[in-house]
$ cat model.pdb   # PDB, C-alpha atoms, pLDDT in the B column
ATOM      1  CA  MET M 688     -32.862-120.293  16.486  1.00 66.00           C
ATOM      2  CA  ALA M 689     -33.030-123.285  14.161  1.00 54.00           C
ATOM      3  CA  ALA M 690     -29.603-122.475  12.791  1.00 48.00           C
ATOM      4  CA  ASP M 691     -28.184-122.430  16.292  1.00 49.00           C
ATOM      5  CA  ALA M 692     -25.383-124.863  16.977  1.00 42.00           C
ATOM      6  CA  GLY M 693     -26.670-128.333  17.731  1.00 40.00           C
ATOM      7  CA  ARG M 694     -26.204-131.977  16.967  1.00 38.00           C
ATOM      8  CA  THR M 695     -27.373-133.284  13.626  1.00 39.00           C
ATOM      9  CA  GLY M 696     -30.386-135.483  14.333  1.00 46.00           C
ATOM     10  CA  SER M 697     -31.206-138.569  12.315  1.00 44.00           C
ATOM     11  CA  SER M 698     -33.671-140.188  14.698  1.00 51.00           C
ATOM     12  CA  VAL M 699     -37.237-139.299  15.578  1.00 54.00           C
ATOM     13  CA  PRO M 700     -37.420-137.238  18.789  1.00 61.00           C
ATOM     14  CA  ARG M 701     -38.301-139.384  21.779  1.00 55.00           C
ATOM     15  CA  PRO M 702     -41.617-138.944  23.594  1.00 51.00           C
ATOM     16  CA  ASP M 703     -41.342-136.845  26.730  1.00 52.00           C
ATOM     17  CA  ARG M 704     -42.515-139.082  29.561  1.00 48.00           C
ATOM     18  CA  THR M 705     -41.537-136.726  32.352  1.00 44.00           C
ATOM     19  CA  ARG M 706     -43.149-133.598  33.664  1.00 44.00           C
ATOM     20  CA  PRO M 707     -41.296-130.439  32.571  1.00 46.00           C
ATOM     21  CA  ASP M 708     -38.930-128.976  35.161  1.00 46.00           C
ATOM     22  CA  ARG M 709     -40.211-125.481  35.966  1.00 46.00           C
ATOM     23  CA  THR M 710     -38.689-122.591  37.838  1.00 43.00           C
ATOM     24  CA  ARG M 711     -41.256-119.851  38.274  1.00 43.00           C
ATOM     25  CA  PRO M 712     -40.936-116.171  39.090  1.00 39.00           C
ATOM     26  CA  ASP M 713     -42.775-114.878  42.150  1.00 37.00           C
ATOM     27  CA  ARG M 714     -45.957-113.850  40.384  1.00 37.00           C
ATOM     28  CA  THR M 715     -49.384-115.203  39.514  1.00 37.00           C
ATOM     29  CA  ARG M 716     -49.228-118.463  37.610  1.00 43.00           C
ATOM     30  CA  PRO M 717     -50.739-118.184  34.107  1.00 47.00           C
ATOM     31  CA  ASP M 718     -54.002-119.979  33.338  1.00 50.00           C
ATOM     32  CA  ARG M 719     -52.870-123.328  31.913  1.00 51.00           C
ATOM     33  CA  THR M 720     -56.135-124.305  30.220  1.00 53.00           C
ATOM     34  CA  ARG M 721     -56.514-121.846  27.348  1.00 62.00           C
ATOM     35  CA  PRO M 722     -57.971-123.767  24.392  1.00 61.00           C
ATOM     36  CA  ASP M 723     -58.855-120.509  22.629  1.00 78.00           C
ATOM     37  CA  ARG M 724     -55.464-118.873  23.131  1.00 91.00           C
ATOM     38  CA  THR M 725     -51.978-118.831  21.651  1.00 96.00           C
ATOM     39  CA  LEU M 726     -48.839-119.605  23.637  1.00 97.00           C
ATOM     40  CA  LEU M 727     -45.651-117.747  22.709  1.00 98.00           C
ATOM     41  CA  ILE M 728     -42.472-119.646  23.630  1.00 98.00           C
ATOM     42  CA  GLN M 729     -39.044-118.013  23.653  1.00 98.00           C
ATOM     43  CA  PHE M 730     -36.067-120.390  23.544  1.00 98.00           C
ATOM     44  CA  ALA M 731     -33.011-119.066  25.374  1.00 97.00           C
ATOM     45  CA  ARG M 732     -29.635-120.341  26.516  1.00 96.00           C
ATOM     46  CA  SER M 733     -28.266-119.485  29.920  1.00 97.00           C
ATOM     47  CA  PRO M 734     -25.544-116.839  29.387  1.00 97.00           C
ATOM     48  CA  GLN M 735     -21.970-118.092  29.773  1.00 96.00           C
ATOM     49  CA  PRO M 736     -18.963-116.231  28.319  1.00 97.00           C
ATOM     50  CA  GLY M 737     -17.349-118.371  25.662  1.00 96.00           C
ATOM     51  CA  ARG M 738     -20.487-120.523  25.261  1.00 96.00           C
ATOM     52  CA  VAL M 739     -22.918-118.084  23.616  1.00 96.00           C
ATOM     53  CA  LYS M 740     -22.602-115.982  20.465  1.00 97.00           C
ATOM     54  CA  THR M 741     -19.318-117.714  19.659  1.00 96.00           C
ATOM     55  CA  ARG M 742     -19.523-116.680  15.989  1.00 95.00           C
ATOM     56  CA  MET M 743     -19.022-113.099  17.159  1.00 98.00           C
ATOM     57  CA  MET M 744     -15.559-113.927  18.460  1.00 97.00           C
ATOM     58  CA  PRO M 745     -12.860-112.667  18.108  1.00 96.00           C
ATOM     59  CA  HIS M 746     -14.611-109.537  16.781  1.00 97.00           C
ATOM     60  CA  LEU M 747     -16.148-109.348  20.250  1.00 98.00           C
ATOM     61  CA  SER M 748     -14.556-110.678  23.401  1.00 98.00           C
ATOM     62  CA  ALA M 749     -16.217-113.626  25.114  1.00 98.00           C
ATOM     63  CA  GLN M 750     -17.750-111.285  27.695  1.00 98.00           C
ATOM     64  CA  GLN M 751     -18.933-108.809  25.059  1.00 98.00           C
ATOM     65  CA  ALA M 752     -20.541-111.654  23.115  1.00 98.00           C
ATOM     66  CA  CYS M 753     -22.249-112.820  26.304  1.00 98.00           C
ATOM     67  CA  ASP M 754     -23.505-109.282  26.974  1.00 98.00           C
ATOM     68  CA  LEU M 755     -24.893-109.170  23.433  1.00 98.00           C
ATOM     69  CA  HIS M 756     -26.667-112.470  24.050  1.00 98.00           C
ATOM     70  CA  CYS M 757     -28.292-110.993  27.169  1.00 97.00           C
ATOM     71  CA  GLU M 758     -29.346-107.835  25.316  1.00 97.00           C
ATOM     72  CA  LEU M 759     -31.045-109.826  22.580  1.00 98.00           C
ATOM     73  CA  LEU M 760     -32.662-112.187  25.062  1.00 97.00           C
ATOM     74  CA  LEU M 761     -34.193-109.306  27.011  1.00 96.00           C
ATOM     75  CA  TRP M 762     -35.246-107.512  23.818  1.00 97.00           C
ATOM     76  CA  THR M 763     -37.082-110.608  22.575  1.00 97.00           C
ATOM     77  CA  ALA M 764     -38.864-111.110  25.895  1.00 97.00           C
ATOM     78  CA  ARG M 765     -40.091-107.506  25.732  1.00 96.00           C
ATOM     79  CA  GLN M 766     -41.330-107.970  22.175  1.00 97.00           C
ATOM     80  CA  LEU M 767     -43.319-111.074  23.072  1.00 97.00           C
ATOM     81  CA  LEU M 768     -44.813-109.612  26.238  1.00 96.00           C
ATOM     82  CA  ASP M 769     -45.708-106.316  24.552  1.00 95.00           C
ATOM     83  CA  SER M 770     -47.239-107.981  21.484  1.00 96.00           C
ATOM     84  CA  GLY M 771     -50.503-108.985  23.159  1.00 94.00           C
ATOM     85  CA  GLN M 772     -50.606-112.106  20.988  1.00 95.00           C
ATOM     86  CA  GLY M 773     -50.767-114.668  23.794  1.00 95.00           C
ATOM     87  CA  ASP M 774     -49.319-115.982  27.023  1.00 96.00           C
ATOM     88  CA  VAL M 775     -45.507-116.016  27.143  1.00 97.00           C
ATOM     89  CA  GLN M 776     -43.203-118.824  28.235  1.00 97.00           C
ATOM     90  CA  LEU M 777     -39.412-118.574  28.467  1.00 97.00           C
ATOM     91  CA  ALA M 778     -37.842-122.006  27.897  1.00 97.00           C
ATOM     92  CA  VAL M 779     -34.257-122.135  29.137  1.00 97.00           C
ATOM     93  CA  ALA M 780     -31.356-124.392  28.162  1.00 95.00           C
ATOM     94  CA  GLY M 781     -28.949-124.477  31.100  1.00 93.00           C
ATOM     95  CA  SER M 782     -29.413-122.870  34.483  1.00 91.00           C
ATOM     96  CA  PRO M 783     -32.560-120.740  34.895  1.00 91.00           C
ATOM     97  CA  LEU M 784     -31.005-118.954  37.889  1.00 91.00           C
ATOM     98  CA  HIS M 785     -29.052-116.329  35.922  1.00 93.00           C
ATOM     99  CA  ALA M 786     -29.964-112.717  36.704  1.00 94.00           C
ATOM    100  CA  ILE M 787     -31.091-112.099  33.105  1.00 95.00           C
ATOM    101  CA  PHE M 788     -34.052-114.416  33.631  1.00 94.00           C
ATOM    102  CA  ARG M 789     -35.092-112.498  36.742  1.00 91.00           C
ATOM    103  CA  ARG M 790     -34.993-109.331  34.643  1.00 93.00           C
ATOM    104  CA  CYS M 791     -37.220-110.995  32.057  1.00 93.00           C
ATOM    105  CA  ALA M 792     -39.655-112.041  34.790  1.00 90.00           C
ATOM    106  CA  GLN M 793     -39.850-108.443  35.998  1.00 91.00           C
ATOM    107  CA  LEU M 794     -41.142-107.354  32.584  1.00 91.00           C
ATOM    108  CA  GLY M 795     -44.471-109.133  32.966  1.00 86.00           C
ATOM    109  CA  ALA M 796     -46.351-112.346  33.637  1.00 72.00           C
ATOM    110  CA  LEU M 797     -44.315-115.003  31.900  1.00 84.00           C
ATOM    111  CA  GLU M 798     -43.663-118.628  32.763  1.00 91.00           C
ATOM    112  CA  LEU M 799     -40.111-119.948  33.088  1.00 93.00           C
ATOM    113  CA  THR M 800     -39.433-123.567  32.099  1.00 95.00           C
ATOM    114  CA  ARG M 801     -36.471-125.769  31.197  1.00 96.00           C
ATOM    115  CA  GLN M 802     -35.872-127.194  27.747  1.00 97.00           C
ATOM    116  CA  SER M 803     -35.526-130.970  27.530  1.00 95.00           C
ATOM    117  CA  GLY M 804     -34.245-133.194  24.733  1.00 94.00           C
ATOM    118  CA  ARG M 805     -31.118-134.527  23.088  1.00 93.00           C
ATOM    119  CA  ASP M 806     -30.805-131.865  20.396  1.00 94.00           C
ATOM    120  CA  LEU M 807     -32.472-128.659  19.253  1.00 95.00           C
ATOM    121  CA  GLY M 808     -35.089-130.490  17.204  1.00 96.00           C
ATOM    122  CA  GLU M 809     -36.219-132.679  20.066  1.00 96.00           C
ATOM    123  CA  ARG M 810     -36.287-129.709  22.437  1.00 97.00           C
ATOM    124  CA  MET M 811     -38.490-127.714  20.071  1.00 98.00           C
ATOM    125  CA  TYR M 812     -40.803-130.659  19.426  1.00 98.00           C
ATOM    126  CA  ARG M 813     -41.296-131.292  23.138  1.00 98.00           C
ATOM    127  CA  ALA M 814     -41.963-127.618  23.871  1.00 98.00           C
ATOM    128  CA  LEU M 815     -44.513-127.351  21.067  1.00 98.00           C
ATOM    129  CA  ARG M 816     -46.235-130.600  21.975  1.00 97.00           C
ATOM    130  CA  ARG M 817     -46.564-129.651  25.635  1.00 97.00           C
ATOM    131  CA  GLY M 818     -47.909-126.235  24.690  1.00 97.00           C
ATOM    132  CA  LEU M 819     -50.543-127.730  22.416  1.00 97.00           C
ATOM    133  CA  GLU M 820     -51.899-129.757  25.320  1.00 95.00           C
ATOM    134  CA  ASN M 821     -53.360-126.519  26.712  1.00 95.00           C
ATOM    135  CA  TYR M 822     -53.430-124.016  23.849  1.00 97.00           C
ATOM    136  CA  ALA M 823     -55.032-123.896  20.414  1.00 96.00           C
ATOM    137  CA  ALA M 824     -51.752-122.770  18.852  1.00 97.00           C
ATOM    138  CA  VAL M 825     -48.114-122.370  19.870  1.00 98.00           C
ATOM    139  CA  VAL M 826     -45.533-120.020  18.349  1.00 99.00           C
ATOM    140  CA  LEU M 827     -41.872-120.653  19.195  1.00 99.00           C
ATOM    141  CA  VAL M 828     -39.021-118.218  18.562  1.00 98.00           C
ATOM    142  CA  GLY M 829     -35.360-117.949  19.439  1.00 97.00           C
ATOM    143  CA  SER M 830     -33.622-115.091  21.243  1.00 97.00           C
ATOM    144  CA  ASP M 831     -31.396-113.681  18.519  1.00 95.00           C
ATOM    145  CA  CYS M 832     -33.798-112.180  15.968  1.00 97.00           C
ATOM    146  CA  PRO M 833     -34.739-108.628  17.007  1.00 96.00           C
ATOM    147  CA  GLY M 834     -36.936-108.237  13.919  1.00 96.00           C
ATOM    148  CA  ILE M 835     -39.611-110.416  15.514  1.00 97.00           C
ATOM    149  CA  ASP M 836     -42.095-107.800  16.702  1.00 97.00           C
ATOM    150  CA  ALA M 837     -45.826-107.553  17.406  1.00 97.00           C
ATOM    151  CA  ARG M 838     -46.698-107.331  13.721  1.00 97.00           C
ATOM    152  CA  TYR M 839     -44.628-110.407  12.844  1.00 98.00           C
ATOM    153  CA  LEU M 840     -46.166-112.393  15.702  1.00 98.00           C
ATOM    154  CA  ARG M 841     -49.652-111.302  14.665  1.00 97.00           C
ATOM    155  CA  GLU M 842     -48.955-112.490  11.118  1.00 98.00           C
ATOM    156  CA  ALA M 843     -47.880-115.856  12.514  1.00 98.00           C
ATOM    157  CA  ALA M 844     -51.018-116.161  14.645  1.00 96.00           C
ATOM    158  CA  ASP M 845     -53.228-115.166  11.708  1.00 96.00           C
ATOM    159  CA  ALA M 846     -51.543-117.726   9.450  1.00 97.00           C
ATOM    160  CA  LEU M 847     -52.310-120.479  11.953  1.00 96.00           C
ATOM    161  CA  ARG M 848     -56.029-119.849  11.502  1.00 94.00           C
ATOM    162  CA  THR M 849     -55.822-121.526   8.097  1.00 94.00           C
ATOM    163  CA  ARG M 850     -52.608-123.594   8.213  1.00 96.00           C
ATOM    164  CA  PRO M 851     -51.383-126.173  10.736  1.00 96.00           C
ATOM    165  CA  VAL M 852     -47.791-124.848  10.599  1.00 98.00           C
ATOM    166  CA  VAL M 853     -46.153-121.470  10.010  1.00 98.00           C
ATOM    167  CA  LEU M 854     -42.440-120.811   9.479  1.00 98.00           C
ATOM    168  CA  GLY M 855     -40.422-117.621   9.613  1.00 98.00           C
ATOM    169  CA  PRO M 856     -37.275-118.196   7.514  1.00 98.00           C
ATOM    170  CA  ALA M 857     -33.868-116.842   8.471  1.00 96.00           C
ATOM    171  CA  VAL M 858     -31.702-115.410   5.721  1.00 95.00           C
ATOM    172  CA  ASP M 859     -28.891-117.757   6.795  1.00 92.00           C
ATOM    173  CA  GLY M 860     -30.928-120.843   5.882  1.00 95.00           C
ATOM    174  CA  GLY M 861     -32.477-121.641   9.244  1.00 95.00           C
ATOM    175  CA  TYR M 862     -35.702-120.313  10.652  1.00 97.00           C
ATOM    176  CA  VAL M 863     -36.445-117.766  13.356  1.00 98.00           C
ATOM    177  CA  LEU M 864     -40.022-118.829  14.121  1.00 98.00           C
ATOM    178  CA  ILE M 865     -42.123-121.956  13.989  1.00 98.00           C
ATOM    179  CA  GLY M 866     -45.782-122.023  14.937  1.00 98.00           C
ATOM    180  CA  ALA M 867     -48.196-124.930  14.980  1.00 98.00           C
ATOM    181  CA  ARG M 868     -51.732-126.080  15.659  1.00 96.00           C
ATOM    182  CA  GLN M 869     -50.616-129.677  15.204  1.00 92.00           C
ATOM    183  CA  ILE M 870     -47.148-131.191  15.318  1.00 92.00           C
ATOM    184  CA  CYS M 871     -45.379-134.505  14.812  1.00 93.00           C
ATOM    185  CA  PRO M 872     -41.863-135.623  15.804  1.00 95.00           C
ATOM    186  CA  GLU M 873     -40.933-136.595  12.235  1.00 95.00           C
ATOM    187  CA  LEU M 874     -40.855-132.907  11.307  1.00 95.00           C
ATOM    188  CA  PHE M 875     -37.715-132.480  13.426  1.00 95.00           C
ATOM    189  CA  ALA M 876     -35.921-135.730  12.568  1.00 92.00           C
ATOM    190  CA  GLY M 877     -32.862-135.847  10.313  1.00 90.00           C
ATOM    191  CA  VAL M 878     -32.349-132.067  10.248  1.00 94.00           C
ATOM    192  CA  ALA M 879     -28.779-130.745  10.200  1.00 95.00           C
ATOM    193  CA  TRP M 880     -29.251-128.263  13.031  1.00 94.00           C
ATOM    194  CA  GLY M 881     -26.743-125.445  12.876  1.00 88.00           C
ATOM    195  CA  SER M 882     -26.398-125.605   9.090  1.00 91.00           C
ATOM    196  CA  GLU M 883     -27.726-123.494   6.230  1.00 94.00           C
ATOM    197  CA  ARG M 884     -29.932-126.447   5.185  1.00 95.00           C
ATOM    198  CA  VAL M 885     -32.313-126.330   8.167  1.00 97.00           C
ATOM    199  CA  TYR M 886     -35.170-124.484   6.461  1.00 97.00           C
ATOM    200  CA  ALA M 887     -34.965-126.457   3.217  1.00 97.00           C
ATOM    201  CA  GLN M 888     -34.863-129.772   5.076  1.00 97.00           C
ATOM    202  CA  THR M 889     -37.839-128.771   7.223  1.00 97.00           C
ATOM    203  CA  VAL M 890     -39.883-127.827   4.156  1.00 96.00           C
ATOM    204  CA  GLN M 891     -38.940-131.134   2.541  1.00 96.00           C
ATOM    205  CA  ARG M 892     -40.240-132.994   5.591  1.00 95.00           C
ATOM    206  CA  MET M 893     -43.506-131.065   5.631  1.00 95.00           C
ATOM    207  CA  ARG M 894     -44.089-132.017   2.012  1.00 96.00           C
ATOM    208  CA  ARG M 895     -43.439-135.670   2.781  1.00 95.00           C
ATOM    209  CA  LEU M 896     -45.806-135.512   5.751  1.00 94.00           C
ATOM    210  CA  GLY M 897     -48.506-133.763   3.738  1.00 93.00           C
ATOM    211  CA  LEU M 898     -48.519-130.719   6.027  1.00 93.00           C
ATOM    212  CA  ALA M 899     -49.679-127.391   4.640  1.00 94.00           C
ATOM    213  CA  TRP M 900     -47.698-124.432   5.950  1.00 96.00           C
ATOM    214  CA  ALA M 901     -47.523-120.661   5.721  1.00 98.00           C
ATOM    215  CA  GLU M 902     -44.271-118.771   5.184  1.00 98.00           C
ATOM    216  CA  LEU M 903     -43.547-115.374   6.689  1.00 98.00           C
ATOM    217  CA  ALA M 904     -41.019-112.796   5.480  1.00 98.00           C
ATOM    218  CA  PRO M 905     -37.347-113.746   6.017  1.00 97.00           C
ATOM    219  CA  GLN M 906     -35.571-112.277   9.038  1.00 96.00           C
ATOM    220  CA  VAL M 907     -31.948-111.777  10.054  1.00 94.00           C
ATOM    221  CA  ASP M 908     -30.465-113.567  13.057  1.00 94.00           C
ATOM    222  CA  VAL M 909     -27.789-111.574  14.892  1.00 97.00           C
ATOM    223  CA  ASP M 910     -25.129-114.269  14.722  1.00 94.00           C
ATOM    224  CA  ARG M 911     -22.097-112.719  13.020  1.00 95.00           C
ATOM    225  CA  PRO M 912     -20.199-109.407  13.155  1.00 97.00           C
ATOM    226  CA  ALA M 913     -21.805-108.301   9.874  1.00 96.00           C
ATOM    227  CA  ASP M 914     -25.208-108.429  11.597  1.00 96.00           C
ATOM    228  CA  LEU M 915     -24.250-105.964  14.339  1.00 96.00           C
ATOM    229  CA  PRO M 916     -24.796-102.589  12.570  1.00 95.00           C
ATOM    230  CA  ALA M 917     -28.457-103.380  11.870  1.00 92.00           C
ATOM    231  CA  TRP M 918     -28.950-104.485  15.475  1.00 95.00           C
ATOM    232  CA  TYR M 919     -27.296-101.365  16.895  1.00 95.00           C
ATOM    233  CA  ALA M 920     -29.454 -99.145  14.663  1.00 93.00           C
ATOM    234  CA  LEU M 921     -32.648-100.905  15.777  1.00 93.00           C
ATOM    235  CA  ARG M 922     -31.671-100.848  19.454  1.00 93.00           C
ATOM    236  CA  ASP M 923     -30.539 -97.226  19.470  1.00 91.00           C
ATOM    237  CA  GLY M 924     -33.624 -96.149  17.522  1.00 87.00           C
ATOM    238  CA  ALA M 925     -35.817 -97.707  20.200  1.00 81.00           C
ATOM    239  CA  GLY M 926     -33.859 -95.933  22.939  1.00 70.00           C
ATOM    240  CA  ARG M 927     -33.125 -99.137  24.868  1.00 63.00           C
TER     241      ARG M 927
END

$ encode --input "model.pdb" --output "structure tokens"
Amino acid sequence: MAADAGRTGSSVPRPDRTRPDRTRPDRTRPDRTRPDRTLLIQFARSPQPGRVKTRMMPHLSAQQACDLHCELLLWTARQLLDSGQGDVQLAVAGSPLHAIFRRCAQLGALELTRQSGRDLGERMYRALRRGLENYAAVVLVGSDCPGIDARYLREAADALRTRPVVLGPAVDGGYVLIGARQICPELFAGVAWGSERVYAQTVQRMRRLGLAWAELAPQVDVDRPADLPAWYALRDGAGR
């Protein structure tokens, strides 16, 4: 997630003065005033061949890489919905009308929203801040780390009982999960999104801001051809 391609940000994310643009599935709207609950947010990009999982090419064709993106997106949605750790929101970059998002909606009661912001950092900050308006804690994950399961999400939620921030590092230098009970835009400013320095820079900012944080076990993003065997083994073992 945090090592996903994006523009390097040097400025503080701008306040979001607009209401989020929402596209909802045809199902009961979740209760939006849950001060005792956790919100789980999944960040996802709308699938487009040649625009997603580009590091897999040419090992995979553009269409195969796009299919992989959809597989991982659906897998992550299942993990969040099955975890029982909180309400689930799917935050989309790009068009929310793709069939994969309808498939996600069919899995359970989740809310579909659009991401907003100039870069990945600002988009994450805005999503977390909006979530904290109605929830005691928010946990945000990407869509390319199949190792995020119910146990990992429970560990994140438990960590937030005693720390204002929790991070799940990625072995490539980014992070696969960020959770918060309180958040500030400075945490996401000046981070080289898409680089192997994302996690280290984020930790540096938390120290400067005086934020205590918890760290979970590192996880592997499925970003490169070398990551595929582990993903295939996990997927095939689950029979999906």

$ resolve_selection --input "model.pdb" --expression "the PyMOL selection byres ((chain M and resi 749-755) around 8)" --output "PDB file with C-alpha atoms, keeping the file's coordinate frame"
ATOM      1  CA  PRO M 734     -25.544-116.839  29.387  1.00 97.00           C
ATOM      2  CA  GLN M 735     -21.970-118.092  29.773  1.00 96.00           C
ATOM      3  CA  PRO M 736     -18.963-116.231  28.319  1.00 97.00           C
ATOM      4  CA  GLY M 737     -17.349-118.371  25.662  1.00 96.00           C
ATOM      5  CA  ARG M 738     -20.487-120.523  25.261  1.00 96.00           C
ATOM      6  CA  VAL M 739     -22.918-118.084  23.616  1.00 96.00           C
ATOM      7  CA  LYS M 740     -22.602-115.982  20.465  1.00 97.00           C
ATOM      8  CA  THR M 741     -19.318-117.714  19.659  1.00 96.00           C
ATOM      9  CA  MET M 743     -19.022-113.099  17.159  1.00 98.00           C
ATOM     10  CA  MET M 744     -15.559-113.927  18.460  1.00 97.00           C
ATOM     11  CA  PRO M 745     -12.860-112.667  18.108  1.00 96.00           C
ATOM     12  CA  LEU M 747     -16.148-109.348  20.250  1.00 98.00           C
ATOM     13  CA  SER M 748     -14.556-110.678  23.401  1.00 98.00           C
ATOM     14  CA  HIS M 756     -26.667-112.470  24.050  1.00 98.00           C
ATOM     15  CA  CYS M 757     -28.292-110.993  27.169  1.00 97.00           C
ATOM     16  CA  GLU M 758     -29.346-107.835  25.316  1.00 97.00           C
ATOM     17  CA  LEU M 759     -31.045-109.826  22.580  1.00 98.00           C
TER      18      LEU M 759
END

$ atom_distance --input "model.pdb" --atom1 "atom CA of M:Asp774" --atom2 "atom CA of M:Leu726"
5.0 Å

$ resolve_selection --input "model.pdb" --expression "the PyMOL selection byres ((chain M and resi 878) around 9)" --output "ChimeraX atom specification"
/M:695-697,808,874-877,879-880,882,884-886,888-889

$ atom_distance --input "model.pdb" --atom1 "atom CA of M:Gly881" --atom2 "atom CA of M:Leu807"
9.2 Å

$ atom_distance --input "model.pdb" --atom1 "atom CA of M:Leu799" --atom2 "atom CA of M:Ala780"
11.0 Å

$ residues_around --input "model.pdb" --residues "stretch 895-912 of chain M" --least-positions-apart "5" --cutoff "6 Å" --atoms "all atoms listed in the file" --output "PDB file with C-alpha atoms, in the coordinates of the input"
ATOM      1  CA  ARG M 742     -19.523-116.680  15.989  1.00 95.00           C
ATOM      2  CA  MET M 743     -19.022-113.099  17.159  1.00 98.00           C
ATOM      3  CA  ASP M 831     -31.396-113.681  18.519  1.00 95.00           C
ATOM      4  CA  CYS M 832     -33.798-112.180  15.968  1.00 97.00           C
ATOM      5  CA  ARG M 850     -52.608-123.594   8.213  1.00 96.00           C
ATOM      6  CA  VAL M 852     -47.791-124.848  10.599  1.00 98.00           C
ATOM      7  CA  VAL M 853     -46.153-121.470  10.010  1.00 98.00           C
ATOM      8  CA  LEU M 854     -42.440-120.811   9.479  1.00 98.00           C
ATOM      9  CA  GLY M 855     -40.422-117.621   9.613  1.00 98.00           C
ATOM     10  CA  PRO M 856     -37.275-118.196   7.514  1.00 98.00           C
ATOM     11  CA  ALA M 857     -33.868-116.842   8.471  1.00 96.00           C
ATOM     12  CA  VAL M 858     -31.702-115.410   5.721  1.00 95.00           C
TER      13      VAL M 858
END

$ resolve_selection --input "model.pdb" --expression "the PyMOL selection byres ((chain M and resi 783) around 12)" --output "VMD selection string"
chain M and resid 708 to 712 730 to 734 777 to 782 784 to 792 798 to 802

$ closest_residue --input "model.pdb" --among "M:Asp845, M:Leu864, M:His746, M:Gly795" --to "M:Met811" --atoms "only C-alpha atoms"
M:Leu864

$ residues_around --input "model.pdb" --residues "M:Gly771" --least-positions-apart "5" --cutoff "10 Å" --atoms "all atoms listed in the file" --output "ChimeraX atom specification"
/M:766,837,840-841

$ write_last_selection --input "model.pdb" --atoms "C-alpha atoms" --output "PDB file, in the coordinates of the input"
ATOM      1  CA  GLN M 766     -41.330-107.970  22.175  1.00 97.00           C
ATOM      2  CA  ALA M 837     -45.826-107.553  17.406  1.00 97.00           C
ATOM      3  CA  LEU M 840     -46.166-112.393  15.702  1.00 98.00           C
ATOM      4  CA  ARG M 841     -49.652-111.302  14.665  1.00 97.00           C
TER       5      ARG M 841
END

$ closest_residue --input "model.pdb" --among "M:Ala925, M:Ile865, M:Ala814, M:Leu727" --to "M:Leu768" --atoms "only C-alpha atoms"
M:Leu727

$ closest_residue --input "model.pdb" --among "M:Leu921, M:Leu760, M:Ala867, M:Ile728" --to "M:Thr849" --atoms "all atoms listed in the file"
M:Ala867

$ closest_residue --input "model.pdb" --among "M:Arg848, M:Leu794, M:Ala843, M:Arg868" --to "M:Arg817" --atoms "only C-alpha atoms"
M:Arg868

$ axis_aligned_box --input "model.pdb" --around "stretch 735-740 of chain M" --padding-each-side "4 Å" --output "JSON"
{"center_x": -20.1, "center_y": -118.3, "center_z": 25.1, "size_x": 13.6, "size_y": 12.5, "size_z": 17.3}

$ build_atoms --input "model.pdb" --residues "stretch 744-755 of chain M" --atoms "N, CA and C atoms" --output "PDB file, in the frame of the given file"
ATOM      1  N   MET M 744     -16.951-113.994  18.023  1.00 97.00           N
ATOM      2  CA  MET M 744     -15.559-113.927  18.460  1.00 97.00           C
ATOM      3  C   MET M 744     -14.629-114.281  17.303  1.00 97.00           C
ATOM      4  N   PRO M 745     -13.477-113.617  17.164  1.00 96.00           N
ATOM      5  CA  PRO M 745     -12.860-112.667  18.108  1.00 96.00           C
ATOM      6  C   PRO M 745     -13.246-111.203  17.895  1.00 96.00           C
ATOM      7  N   HIS M 746     -14.200-110.932  16.967  1.00 97.00           N
ATOM      8  CA  HIS M 746     -14.611-109.537  16.781  1.00 97.00           C
ATOM      9  C   HIS M 746     -15.067-108.935  18.110  1.00 97.00           C
ATOM     10  N   LEU M 747     -15.795-109.710  18.878  1.00 98.00           N
ATOM     11  CA  LEU M 747     -16.148-109.348  20.250  1.00 98.00           C
ATOM     12  C   LEU M 747     -15.424-110.284  21.205  1.00 98.00           C
ATOM     13  N   SER M 748     -15.115-109.790  22.383  1.00 98.00           N
ATOM     14  CA  SER M 748     -14.556-110.678  23.401  1.00 98.00           C
ATOM     15  C   SER M 748     -15.644-111.638  23.873  1.00 98.00           C
ATOM     16  N   ALA M 749     -15.242-112.664  24.601  1.00 98.00           N
ATOM     17  CA  ALA M 749     -16.217-113.626  25.114  1.00 98.00           C
ATOM     18  C   ALA M 749     -17.254-112.934  25.996  1.00 98.00           C
ATOM     19  N   GLN M 750     -16.813-111.992  26.817  1.00 98.00           N
ATOM     20  CA  GLN M 750     -17.750-111.285  27.695  1.00 98.00           C
ATOM     21  C   GLN M 750     -18.661-110.362  26.896  1.00 98.00           C
ATOM     22  N   GLN M 751     -18.103-109.676  25.891  1.00 98.00           N
ATOM     23  CA  GLN M 751     -18.933-108.809  25.059  1.00 98.00           C
ATOM     24  C   GLN M 751     -19.985-109.621  24.304  1.00 98.00           C
ATOM     25  N   ALA M 752     -19.592-110.786  23.812  1.00 98.00           N
ATOM     26  CA  ALA M 752     -20.541-111.654  23.115  1.00 98.00           C
ATOM     27  C   ALA M 752     -21.641-112.117  24.066  1.00 98.00           C
ATOM     28  N   CYS M 753     -21.266-112.411  25.298  1.00 98.00           N
ATOM     29  CA  CYS M 753     -22.249-112.820  26.304  1.00 98.00           C
ATOM     30  C   CYS M 753     -23.197-111.663  26.628  1.00 98.00           C
ATOM     31  N   ASP M 754     -22.667-110.457  26.723  1.00 98.00           N
ATOM     32  CA  ASP M 754     -23.505-109.282  26.974  1.00 98.00           C
ATOM     33  C   ASP M 754     -24.490-109.067  25.823  1.00 98.00           C
ATOM     34  N   LEU M 755     -24.018-109.279  24.598  1.00 98.00           N
ATOM     35  CA  LEU M 755     -24.893-109.170  23.433  1.00 98.00           C
ATOM     36  C   LEU M 755     -26.020-110.196  23.518  1.00 98.00           C
TER      37      LEU M 755
END
